[in-house]
Amino acid sequence: MSQDSKELSPFQRGQVDFLKREVNRWIDESMKRDADSDAAQRLFHARRELKRYVEELRSIGKLI
């Protein structure tokens, strides 16, 4: 496998960055004193989505 095929495409990098921002957003929101009532659930789902996407990328040989 060549090095190029192991690197993330710009689209894949964008997806990972977006999912990380979502996780960070919901971490911040869930820590607020007046947090949205479903912030913890949204954080759980954001983390799960990021984990699944990273696992999918790794399964096709991407280095992340």
# chains A, B, ... in the order shown; residues from 1 in each chain; ligands from 1
>>> residues_around(residues="region 49-63 of chain A", least_positions_apart="4", cutoff="12 Å", atoms="only C-alpha atoms", output="count of residues only")
26
